[in-house]
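Novice: I'm passing along work-v2.cif; it holds mmCIF, C-alpha atoms and all ligand atoms.
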data_final
loop_
_atom_site.label_atom_id
_atom_site.label_comp_id
_atom_site.auth_asym_id
_atom_site.auth_seq_id
_atom_site.Cartn_x
_atom_site.Cartn_y
_atom_site.Cartn_z
CA MET A 1 -0.34 26.19 1.67
CA GLU A 2 -1.23 26.18 5.33
CA THR A 3 -0.15 23.24 7.40
CA ARG A 4 -3.76 22.50 8.32
CA ARG A 5 -4.78 22.21 4.65
CA LYS A 6 -1.76 20.03 3.92
CA LEU A 7 -2.75 17.83 6.81
CA GLU A 8 -6.27 17.46 5.47
CA ILE A 9 -5.00 16.42 2.03
CA LEU A 10 -2.20 14.16 3.16
CA ALA A 11 -4.12 12.46 5.95
CA ASP A 12 -7.00 11.79 3.55
CA ALA A 13 -4.61 10.32 0.96
CA ALA A 14 -3.12 8.02 3.62
CA LYS A 15 -6.47 6.50 4.57
CA TYR A 16 -6.25 3.88 1.82
CA ASP A 17 -3.46 2.10 3.62
CA ALA A 18 -4.99 -0.53 5.84
CA SER A 19 -1.78 -1.45 7.58
CA CYS A 20 -2.76 1.05 10.18
CA ALA A 21 -6.50 0.64 10.43
CA SER A 22 -8.83 3.33 11.60
CA GLY A 23 -11.42 2.56 14.20
CA GLY A 24 -14.03 3.82 11.74
CA SER A 25 -15.62 6.38 14.06
CA ARG A 26 -16.60 9.73 12.56
CA ARG A 27 -17.72 12.12 15.28
CA LYS A 28 -17.39 15.82 14.54
CA ALA A 29 -16.24 18.40 17.03
CA THR A 30 -19.14 20.42 18.40
CA PRO A 31 -19.02 24.06 19.54
CA GLY A 32 -18.19 24.05 23.20
CA GLY A 33 -17.61 20.29 23.07
CA LEU A 34 -14.39 18.45 23.72
CA GLY A 35 -12.72 16.14 21.19
CA ALA A 36 -13.45 14.76 17.76
CA THR A 37 -12.63 11.54 15.99
CA GLU A 38 -12.83 12.93 12.49
CA GLY A 39 -10.03 13.46 10.01
CA MET A 40 -6.71 15.13 10.64
CA GLY A 41 -4.76 11.97 10.36
CA ILE A 42 -5.19 10.24 13.69
CA CYS A 43 -6.00 6.57 13.34
CA HIS A 44 -6.14 3.60 15.64
CA SER A 45 -4.08 0.53 15.15
CA PHE A 46 -3.73 -2.67 17.14
CA THR A 47 -0.43 -4.02 18.36
CA PRO A 48 0.24 -7.78 18.24
CA ASP A 49 -0.78 -8.07 21.89
CA GLY A 50 -4.15 -6.45 21.16
CA ARG A 51 -3.36 -3.00 22.54
CA CYS A 52 -4.97 -0.11 20.68
CA VAL A 53 -2.61 2.74 19.79
CA SER A 54 -3.28 6.08 18.11
CA LEU A 55 -1.03 7.05 15.24
CA LEU A 56 -0.58 10.16 13.16
CA LYS A 57 -1.14 8.60 9.74
CA ILE A 58 -0.08 10.79 6.85
CA LEU A 59 1.74 10.94 3.55
CA LEU A 60 4.83 13.08 3.22
CA THR A 61 3.36 14.03 -0.15
CA ASN A 62 0.69 12.85 -2.54
CA ILE A 63 2.83 13.97 -5.47
CA CYS A 64 3.86 10.79 -7.28
CA ILE A 65 5.67 9.99 -10.51
CA TYR A 66 4.06 6.52 -10.68
CA ASP A 67 0.69 5.77 -12.19
CA CYS A 68 -0.83 2.95 -10.14
CA ARG A 69 -4.36 2.91 -11.52
CA TYR A 70 -6.11 2.24 -8.20
CA CYS A 71 -4.47 5.15 -6.37
CA THR A 72 -5.73 8.70 -5.93
CA SER A 73 -2.14 9.99 -5.76
CA ARG A 74 -1.14 8.58 -9.17
CA ILE A 75 0.46 11.02 -11.60
CA SER A 76 -2.57 11.00 -13.89
CA SER A 77 -4.99 11.87 -11.07
CA ASP A 78 -6.32 15.43 -10.87
CA VAL A 79 -6.43 15.65 -7.07
CA GLU A 80 -5.06 18.65 -5.20
CA ARG A 81 -1.42 18.06 -4.32
CA ALA A 82 0.48 18.91 -1.19
CA ARG A 83 3.88 18.19 0.29
CA PHE A 84 5.20 18.41 3.80
CA SER A 85 8.82 19.21 4.47
CA VAL A 86 10.76 16.90 6.76
CA ALA A 87 10.73 19.62 9.43
CA GLU A 88 6.94 19.97 9.20
CA VAL A 89 6.30 16.27 9.75
CA VAL A 90 8.73 16.25 12.66
CA GLN A 91 7.00 19.24 14.25
CA LEU A 92 3.51 17.85 13.70
CA THR A 93 4.50 14.55 15.26
CA LEU A 94 6.01 16.28 18.27
CA ASP A 95 3.00 18.57 18.71
CA PHE A 96 0.49 15.73 18.47
CA TYR A 97 2.56 13.57 20.76
CA ARG A 98 2.98 16.26 23.40
CA GLY A 99 -0.75 16.94 23.19
CA ASN A 100 -1.32 13.27 24.02
CA TYR A 101 -3.20 12.74 20.76
CA ILE A 102 -0.92 10.05 19.39
CA GLU A 103 1.54 7.39 20.42
CA GLY A 104 3.33 7.25 17.11
CA LEU A 105 3.70 8.07 13.43
CA PHE A 106 2.71 6.15 10.31
CA LEU A 107 4.46 7.81 7.37
CA SER A 108 4.06 6.91 3.74
CA SER A 109 4.62 8.93 0.58
CA GLY A 110 4.12 9.17 -3.14
CA VAL A 111 7.30 8.58 -5.12
CA ILE A 112 8.77 12.07 -5.45
CA LYS A 113 11.77 11.84 -7.80
CA SER A 114 12.77 8.25 -7.28
CA PRO A 115 12.17 5.57 -4.65
CA ASP A 116 15.62 6.30 -3.17
CA TYR A 117 15.06 10.06 -2.88
CA THR A 118 11.66 9.47 -1.27
CA MET A 119 13.08 7.01 1.23
CA GLU A 120 15.84 9.46 2.15
CA GLN A 121 13.14 11.96 3.09
CA LEU A 122 11.25 9.45 5.22
CA ILE A 123 14.45 8.37 6.93
CA ALA A 124 15.28 12.01 7.65
CA VAL A 125 11.95 12.38 9.49
CA ALA A 126 12.52 9.27 11.60
CA ARG A 127 16.17 10.01 12.27
CA THR A 128 15.45 13.61 13.29
CA LEU A 129 12.71 12.49 15.65
CA ARG A 130 14.94 9.87 17.27
CA GLU A 131 18.27 11.72 17.34
CA GLN A 132 17.33 15.34 17.88
CA HIS A 133 14.17 14.94 19.91
CA ALA A 134 14.73 11.59 21.63
CA PHE A 135 11.32 10.55 20.34
CA GLY A 136 10.46 7.18 21.83
CA GLY A 137 7.08 6.70 20.16
CA TYR A 138 6.18 4.18 17.50
CA ILE A 139 7.29 4.88 13.91
CA HIS A 140 6.09 2.94 10.87
CA LEU A 141 7.73 3.85 7.53
CA LYS A 142 6.30 2.70 4.23
CA SER A 143 8.81 2.11 1.44
CA ALA A 144 8.27 2.03 -2.31
CA PRO A 145 9.68 -1.11 -3.94
CA GLY A 146 13.15 -0.88 -5.42
CA VAL A 147 14.73 1.30 -2.74
CA ALA A 148 18.50 0.80 -2.37
CA ALA A 149 19.49 -1.81 0.18
CA GLU A 150 21.56 0.59 2.27
CA LEU A 151 18.57 2.91 2.68
CA LEU A 152 16.27 0.10 3.80
CA THR A 153 19.00 -1.04 6.15
CA GLU A 154 19.23 2.43 7.65
CA ALA A 155 15.44 2.90 7.84
CA GLY A 156 15.13 -0.09 10.17
CA LEU A 157 17.52 1.55 12.63
CA TRP A 158 15.02 4.37 13.25
CA ALA A 159 11.62 2.81 12.51
CA ASP A 160 9.75 0.24 14.59
CA ARG A 161 8.09 -1.21 11.54
CA LEU A 162 8.84 -1.13 7.81
CA SER A 163 6.49 -2.12 5.06
CA VAL A 164 6.57 -2.50 1.31
CA ASN A 165 3.11 -2.89 -0.13
CA VAL A 166 2.63 -5.73 -2.59
CA GLU A 167 -0.73 -4.09 -3.46
CA LEU A 168 -1.87 -6.63 -6.06
CA PRO A 169 -1.68 -10.37 -5.64
CA THR A 170 -0.21 -11.48 -8.96
CA PRO A 171 2.57 -10.27 -11.30
CA ALA A 172 -0.03 -10.01 -14.08
CA ASP A 173 -2.20 -7.70 -11.95
CA LEU A 174 0.80 -5.50 -11.23
CA ALA A 175 1.69 -5.32 -14.92
CA GLN A 176 -1.87 -4.25 -15.70
CA LEU A 177 -2.57 -1.82 -12.88
CA ALA A 178 0.77 -0.73 -11.43
CA PRO A 179 3.13 -0.75 -14.42
CA GLU A 180 6.11 0.80 -12.63
CA LYS A 181 6.06 -1.89 -9.95
CA SER A 182 7.03 -5.54 -10.21
CA MET A 183 6.76 -8.51 -7.90
CA THR A 184 10.52 -9.00 -8.28
CA ALA A 185 11.34 -5.50 -6.98
CA ILE A 186 8.78 -5.81 -4.17
CA GLU A 187 10.21 -9.14 -3.03
CA GLU A 188 13.78 -7.88 -3.31
CA SER A 189 12.95 -5.03 -0.92
CA MET A 190 11.21 -7.42 1.47
CA GLY A 191 14.27 -9.69 1.26
CA VAL A 192 16.61 -6.83 2.18
CA ILE A 193 14.51 -6.00 5.25
CA ALA A 194 14.29 -9.65 6.30
CA SER A 195 18.07 -10.09 5.91
CA ALA A 196 18.86 -6.89 7.81
CA LYS A 197 16.59 -8.00 10.62
CA ALA A 198 18.17 -11.46 10.73
CA ALA A 199 21.65 -9.89 10.84
CA ALA A 200 20.78 -7.37 13.56
CA ASN A 201 22.49 -7.63 16.92
CA SER A 202 19.16 -8.01 18.69
CA PRO A 203 15.45 -8.09 17.74
CA GLN A 204 15.13 -4.56 19.16
CA SER A 205 17.97 -3.03 17.17
CA TYR A 206 16.37 -3.24 13.72
CA ALA A 207 12.67 -2.68 12.97
CA PRO A 208 11.57 -4.32 16.24
CA ALA A 209 7.96 -4.59 15.04
CA GLY A 210 9.12 -6.34 11.85
CA GLN A 211 7.70 -5.80 8.40
CA SER A 212 4.20 -5.95 6.97
CA THR A 213 2.49 -5.46 3.63
CA GLN A 214 -0.91 -4.76 2.15
CA ILE A 215 -2.88 -6.47 -0.61
CA ILE A 216 -5.78 -4.64 -2.23
CA VAL A 217 -8.77 -6.94 -2.57
CA GLY A 218 -11.17 -6.66 -5.47
CA ALA A 219 -9.23 -4.30 -7.77
CA SER A 220 -8.48 -7.16 -10.16
CA PRO A 221 -10.11 -10.50 -10.99
CA ALA A 222 -7.66 -12.29 -8.64
CA THR A 223 -9.38 -14.94 -6.55
CA ASP A 224 -9.09 -15.50 -2.82
CA ALA A 225 -6.83 -18.44 -3.69
CA ASP A 226 -4.48 -16.11 -5.61
CA ILE A 227 -4.40 -13.72 -2.66
CA LEU A 228 -3.84 -16.38 0.01
CA ILE A 229 -1.15 -18.18 -2.00
CA THR A 230 0.74 -14.89 -2.38
CA SER A 231 0.42 -13.94 1.27
CA ASP A 232 1.47 -17.43 2.40
CA HIS A 233 4.54 -17.19 0.17
CA LEU A 234 5.43 -13.75 1.57
CA TYR A 235 4.97 -14.85 5.19
CA ARG A 236 7.23 -17.83 4.68
CA SER A 237 9.88 -16.12 2.56
CA TYR A 238 10.29 -12.79 4.36
CA GLN A 239 9.03 -13.39 7.90
CA LEU A 240 6.26 -10.81 7.58
CA ARG A 241 4.43 -9.96 10.78
CA ARG A 242 1.18 -9.18 9.00
CA VAL A 243 -0.40 -9.08 5.60
CA TYR A 244 -3.24 -6.55 5.58
CA TYR A 245 -6.13 -7.00 3.20
CA ALA A 246 -7.76 -3.77 2.05
CA ALA A 247 -10.99 -3.79 0.09
CA PHE A 248 -10.58 -1.76 -3.10
CA SER A 249 -12.16 1.71 -2.89
CA PRO A 250 -13.52 3.06 -6.18
CA ILE A 251 -11.89 6.36 -7.09
CA SER A 252 -12.91 9.22 -9.34
CA HIS A 253 -11.73 9.21 -12.98
CA ALA A 254 -10.82 5.59 -12.55
CA ASP A 255 -9.20 3.42 -15.18
CA PRO A 256 -11.89 1.39 -16.99
CA ARG A 257 -10.09 -1.80 -16.02
CA LEU A 258 -11.01 -1.16 -12.39
CA PRO A 259 -14.36 -2.29 -11.00
CA GLY A 260 -16.94 0.41 -10.38
CA ALA A 261 -17.80 -0.83 -6.90
CA ALA A 262 -15.97 -1.98 -3.80
CA PRO A 263 -16.09 -5.70 -3.03
CA PRO A 264 -18.31 -6.72 -0.11
CA LEU A 265 -16.49 -6.03 3.13
CA VAL A 266 -17.12 -9.58 4.22
CA ARG A 267 -14.59 -10.74 1.60
CA GLU A 268 -11.83 -8.81 3.35
CA HIS A 269 -12.97 -10.29 6.66
CA ARG A 270 -12.95 -13.89 5.38
CA LEU A 271 -9.41 -13.37 4.05
CA TYR A 272 -8.25 -12.24 7.48
CA GLN A 273 -9.87 -15.31 9.02
CA ALA A 274 -8.22 -17.64 6.49
CA ASP A 275 -4.88 -15.89 6.99
CA TRP A 276 -5.21 -16.46 10.75
CA LEU A 277 -6.07 -20.13 10.27
CA VAL A 278 -2.94 -20.68 8.18
CA ARG A 279 -0.62 -18.87 10.56
CA PHE A 280 -1.94 -20.04 13.92
CA TYR A 281 -4.30 -22.98 13.48
CA GLY A 282 -2.26 -25.39 11.38
CA PHE A 283 -4.28 -25.10 8.16
CA GLN A 284 -2.71 -25.15 4.71
CA VAL A 285 -3.94 -22.64 2.12
CA GLY A 286 -4.90 -25.60 -0.09
CA GLU A 287 -7.33 -26.83 2.56
CA LEU A 288 -9.28 -23.57 2.49
CA VAL A 289 -9.31 -22.76 -1.23
CA SER A 290 -8.62 -24.83 -4.32
CA SER A 291 -8.81 -24.62 -8.09
CA ALA A 292 -12.34 -26.02 -7.82
CA MET A 293 -13.31 -23.56 -5.01
CA PRO A 294 -11.03 -20.53 -5.55
CA ASP A 295 -13.01 -18.16 -3.33
CA LEU A 296 -13.88 -18.39 0.34
CA ASP A 297 -17.52 -18.88 1.23
CA PRO A 298 -18.84 -15.42 2.17
CA ALA A 299 -21.70 -16.83 4.24
CA ILE A 300 -19.68 -18.77 6.80
CA ASP A 301 -16.19 -18.51 8.23
CA PRO A 302 -13.49 -20.63 6.57
CA LYS A 303 -12.99 -22.93 9.55
CA LEU A 304 -16.67 -23.82 9.61
CA ALA A 305 -16.64 -24.24 5.82
CA TRP A 306 -13.73 -26.69 6.14
CA ALA A 307 -15.45 -28.57 8.98
CA LEU A 308 -18.71 -28.96 7.06
CA SER A 309 -16.90 -30.43 4.09
CA HIS A 310 -14.74 -32.70 6.28
CA ARG A 311 -17.34 -34.18 8.57
CA GLU A 312 -15.38 -37.43 8.72
CA PHE A 313 -12.86 -35.56 10.92
CA PHE A 314 -15.53 -35.00 13.59
CA PRO A 315 -16.66 -35.30 16.26
CA VAL A 316 -13.43 -34.54 18.05
CA ASP A 317 -13.09 -36.08 21.50
CA VAL A 318 -12.59 -33.16 23.85
CA ASN A 319 -10.90 -35.46 26.39
CA ARG A 320 -8.43 -37.21 24.09
CA ALA A 321 -7.85 -35.19 20.93
CA PRO A 322 -4.47 -33.53 20.43
CA ARG A 323 -4.24 -29.74 20.40
CA GLU A 324 -3.99 -29.70 16.58
CA ALA A 325 -7.35 -31.45 16.24
CA LEU A 326 -9.06 -29.20 18.80
CA LEU A 327 -7.81 -26.13 16.91
CA ARG A 328 -9.77 -27.33 13.88
CA VAL A 329 -13.09 -27.25 15.71
CA PRO A 330 -15.25 -24.28 14.65
CA GLY A 331 -15.68 -21.89 17.54
CA LEU A 332 -12.61 -23.06 19.47
CA GLY A 333 -9.96 -20.34 19.58
CA ARG A 334 -6.42 -20.83 20.81
CA ASP A 335 -7.19 -19.60 24.31
CA THR A 336 -10.17 -21.93 24.67
CA VAL A 337 -8.13 -24.90 23.46
CA HIS A 338 -5.50 -24.02 26.03
CA LYS A 339 -8.16 -23.98 28.77
CA ILE A 340 -9.54 -27.34 27.64
CA LEU A 341 -6.09 -28.94 27.67
CA ASN A 342 -5.50 -27.67 31.20
CA ALA A 343 -8.92 -28.64 32.54
CA ARG A 344 -8.90 -32.19 31.18
CA ARG A 345 -5.70 -32.95 33.09
CA HIS A 346 -7.76 -32.96 36.26
CA HIS A 347 -10.93 -34.78 35.23
CA ALA A 348 -12.88 -36.04 32.23
CA LEU A 349 -14.79 -33.14 30.68
CA ARG A 350 -18.55 -33.36 30.45
CA ARG A 351 -20.93 -31.17 28.44
CA ALA A 352 -21.54 -28.94 31.46
CA ASP A 353 -17.80 -28.34 31.81
CA LEU A 354 -17.70 -26.87 28.29
CA ALA A 355 -20.19 -24.19 29.30
CA GLN A 356 -18.04 -23.37 32.32
CA LEU A 357 -15.02 -23.04 30.05
CA ARG A 358 -17.11 -20.67 27.88
CA VAL A 359 -16.82 -22.89 24.81
CA ALA A 360 -18.88 -21.33 22.00
CA LYS A 361 -22.21 -23.07 21.39
CA ARG A 362 -21.41 -23.54 17.70
CA ALA A 363 -18.54 -25.85 18.68
CA ALA A 364 -20.97 -28.30 20.31
CA PRO A 365 -21.90 -30.38 17.23
CA PHE A 366 -18.23 -31.02 16.52
CA LEU A 367 -17.21 -32.20 19.99
CA VAL A 368 -17.86 -35.24 22.13
CA THR A 369 -17.56 -35.19 25.88
CA SER A 370 -17.47 -38.06 28.31
CA ASP A 371 -21.26 -38.03 28.63
CA ASP A 372 -22.69 -37.45 25.16
CA ALA A 373 -20.81 -39.28 22.41
CA ARG A 374 -23.84 -40.72 20.65
CA THR A 375 -25.87 -37.53 20.65
CA ALA A 376 -23.03 -35.52 19.15
CA ALA A 377 -22.48 -38.04 16.39
CA ARG A 378 -26.18 -37.93 15.47
CA VAL A 379 -26.28 -34.13 15.37
CA LEU A 380 -23.21 -34.03 13.16
CA ASP A 381 -24.87 -36.28 10.62
CA GLY A 382 -27.81 -33.94 10.29
CA GLN A 383 -28.28 -32.29 6.87
CA ALA A 384 -29.36 -28.99 8.40
CA LEU A 385 -26.09 -28.34 10.20
CA ARG A 386 -24.86 -25.66 7.82
CA ARG A 387 -28.15 -23.80 8.04
CA GLN A 388 -28.11 -23.98 11.84
CA LEU A 389 -24.57 -22.63 12.06
CA THR A 390 -24.76 -19.88 9.45
CA PRO A 391 -24.97 -16.51 11.20
CA PRO A 392 -28.30 -14.83 10.38
CA VAL A 393 -26.81 -11.35 9.95
CA GLN A 394 -23.59 -10.41 8.23
CA LEU A 395 -20.98 -8.55 10.22
CA GLY A 396 -21.36 -4.82 10.39
CA LEU A 397 -18.60 -2.75 8.86
CA PHE A 398 -17.11 -1.58 12.12
CA GLU A 399 -17.25 -4.99 13.79
CA ALA A 400 -15.67 -6.68 10.78
CA ARG A 401 -12.86 -4.13 10.52
CA VAL A 402 -11.94 -4.27 14.17
CA SER A 403 -11.99 -8.03 14.46
CA ALA A 404 -10.10 -8.39 11.18
CA VAL A 405 -7.31 -6.10 12.20
CA ARG A 406 -7.06 -7.79 15.58
CA GLY A 407 -6.96 -11.10 13.83
CA GLU A 408 -9.76 -12.74 15.76
CA ILE A 409 -11.33 -15.89 14.43
S1 LIG A 501 3.54 4.54 -5.96
FE1 LIG A 501 2.15 4.66 -4.21
S2 LIG A 501 1.46 6.81 -4.18
FE2 LIG A 501 2.37 6.45 -6.18
S3 LIG A 501 0.66 5.91 -7.53
FE3 LIG A 501 1.52 3.99 -6.76
S4 LIG A 501 0.34 3.49 -4.89
FE4 LIG A 501 -0.03 5.68 -5.40
#
Could the structure of this file be written out as structure tokens, please?

Specialist:
Amino acid sequence: METRRKLEILADAAKYDASCASGGSRRKATPGGLGATEGMGICHSFTPDGRCVSLLKILLTNICIYDCRYCTSRISSDVERARFSVAEVVQLTLDFYRGNYIEGLFLSSGVIKSPDYTMEQLIAVARTLREQHAFGGYIHLKSAPGVAAELLTEAGLWADRLSVNVELPTPADLAQLAPEKSMTAIEESMGVIASAKAAANSPQSYAPAGQSTQIIVGASPATDADILITSDHLYRSYQLRRVYYAAFSPISHADPRLPGAAPPLVREHRLYQADWLVRFYGFQVGELVSSAMPDLDPAIDPKLAWALSHREFFPVDVNRAPREALLRVPGLGRDTVHKILNARRHHALRRADLAQLRVAKRAAPFLVTSDDARTAARVLDGQALRRQLTPPVQLGLFEARVSAVRGEI
């Protein structure tokens, strides 16, 4: 099979992994034109500091001995199969890199003979790039669960980031839809990576970009609470940099236990927002979802939902409240809170100062300034507040994807 055809198959099969999210643009090359954004495995991903990088995102092979029901590469799927050799992936990466198309490689794979054999192949790609070609670009390797500890330990010496996908949020979901995988094996692999990173001589010497994982949303009846409880546990236990939430994509010849339609994209977006609130805004998962309300409100963001059901917490005094309280105000991001804390050192903040600090208008009902305490309290008591603050139009697909992957709130 020609390399180009392999690339088409193996880049397409890799698109289901959200841990390297595409910008979503699909512009075809035109005769006589220059450039195209379509296909061929180049995707855009965002670094923790918000920089956008282009990655060659491919599978080594879509041949797989496992039968995860939600996956087009599963053994029982009738898709066309292809496999790159180690040398082919190395050459493609070098060619794309030298052509200035990419800044790095995202490499995943179906399980070829065993998780260990597959990981050896991925390591060979990364090691060859680093040792023989002095490749200094970004490398993200995806591991199957259950890979031997020594292989995961070696992989982190060559790769910037490692990831083991949890895929489904509960052990019961895994038993149903990914019978060869188990939460125990997934967590053991994550534990090995976390331990190797902790034991490394320096943060740069082992998987400097840390580890991440992906949870598929909407492939099982799991609630948002199930998903957020699992991701919170994984963040705390294995020092994950990111959990990516990927809306389930219906596939052909699907197992009847899978839903026939993708969940609304807004669900994925709300999960990213809740995830961000837990990691950076001081919220507990139990404040955002509960057994009585197991799913996030799709109509409004989770911080606003919390604020509307905890009106006794507001209004927050913009001149006196601690940082933790300001972070709970809908519309106040971390940067804005930082600006408020700096500005109020110099003088008492009035309503007009908030506009100068570019505080979002939707924060207004939840704040009091030195000149409007009574008005704010009255507005907050109003019954129509939720209606006033609910965005009239849902996020578009592209906007939601980009902001979700960047982690904006
Ligand atoms: S192990 Fe990976 S490639 Fe194989 S069926 Fe499962 S999800 Fe697909």

Novice: Name each residue within 10 Å of ligand LIG 501 (chain A), counting all atoms listed in the file, as a PyMOL selection string.

Specialist: chain A and resi 13-14+16-17+59+61-77+108-112+115+142-145+165-167+177-181

Novice: Up to 12 Å from (6.5, -14.4, 6.9) in the file's coordinates: name the residues, counting only C-alpha atoms, as a list of chain:residue names.

Specialist: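 The residues near that point, listed by chain and number, are A:Glu187, A:Met190, A:Gly191, A:Ile193, A:Ala194, A:Gly210, A:Gln211, A:Ser212, A:Thr213, A:Thr230, A:Ser231, A:Asp232, A:His233, A:Leu234, A:Tyr235, A:Arg236, A:Ser237, A:Tyr238, A:Gln239, A:Leu240, A:Arg241, A:Arg242, A:Val243, A:Asp275, A:Val278, A:Arg279.
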
Novice: Work out how far CA of Tyr272 in chain A is from CA of Leu228 in chain A, in Å to one decimal.

Specialist: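 Here the two named atoms are 9.6 Å from each other.
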
Novice: Kindly give the distance, in Å, that separates CA of Glu150 in chain A and CA of Glu120 in chain A, rounded to a single decimal.

Specialist: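 Atom-to-atom, CA of Glu150 in chain A to CA of Glu120 in chain A, that is 10.6 Å.
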
Novice: Go through A:Arg257, A:Arg323, A:Ala225, A:Trp276 one by one, measure the shortest atom-to-atom distance of each to Leu288 in chain A using all atoms listed in the file, and give the residue with the smallest value.

Specialist: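 Result for the nearest residue to Leu288 in chain A: A:Ala225.
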
Novice: Taking all atoms listed in the file into account, which of A:Ala219, A:Ala348, A:Leu157, A:Leu332 comes nearest Asp173 in chain A?

Specialist: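 Residue with the minimum atom-to-atom distance to Asp173 in chain A: A:Ala219.
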
Novice: Figure out the distance between CA of Met183 in chain A and CA of Asp116 in chain A, please, to one decimal in Å.

Specialist: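 According to the coordinates, CA of Asp116 in chain A and CA of Met183 in chain A are separated by 17.9 Å.
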
Novice: Counting only C-alpha atoms, which residue out of A:Thr118, A:Ser309, A:Ser182, A:Gln204 sits closest to Ala159 in chain A?

Specialist: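 Smallest separation from Ala159 in chain A among the options: A:Gln204.
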
Novice: Would you be able to write out as an NGL selection string which residues have an atom within 7 Å of (-2.9, 16.2, 0.2) in the file's coordinates, counting all atoms listed in the file?

Specialist: :A and (6-13 or 61-62 or 80-82)

Novice: For Leu296 in chain A, list every protein, DNA or RNA residue within 10 Å, evaluated using all atoms listed in the file, and leave out those in the same chain fewer than 6 positions away; present the list as a list in words.

Specialist: Thr223, Asp224, Ala225, Arg267, Arg270, Leu271, Ala274, Leu288, Val289, Ser290, Pro302 and Ala305 of chain A

Novice: I need the residue nearest Leu168 in chain A from this list: A:Tyr206, A:Glu103, A:Asn201, A:Ala247. Use all atoms listed in the file for the distance.

Specialist: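 Smallest distance to Leu168 in chain A is found for A:Ala247.
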
Novice: Measuring between all atoms listed in the file, which one of A:Val86, A:Ala307, A:Leu349, A:Ala299 shows the shortest distance to Val329 in chain A?

Specialist: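 Going through A:Val86, A:Ala307, A:Leu349, A:Ala299 one by one, the smallest distance to Val329 in chain A is for A:Ala307.
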
Novice: Show which residues sit within 6 Å of Gly104 in chain A, as a list in words. Count all atoms listed in the file, and ignore same-chain residues fewer than 3 positions away.

Specialist: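 The neighbour list is Leu55, Gly137, Tyr138 and Ile139 of chain A.
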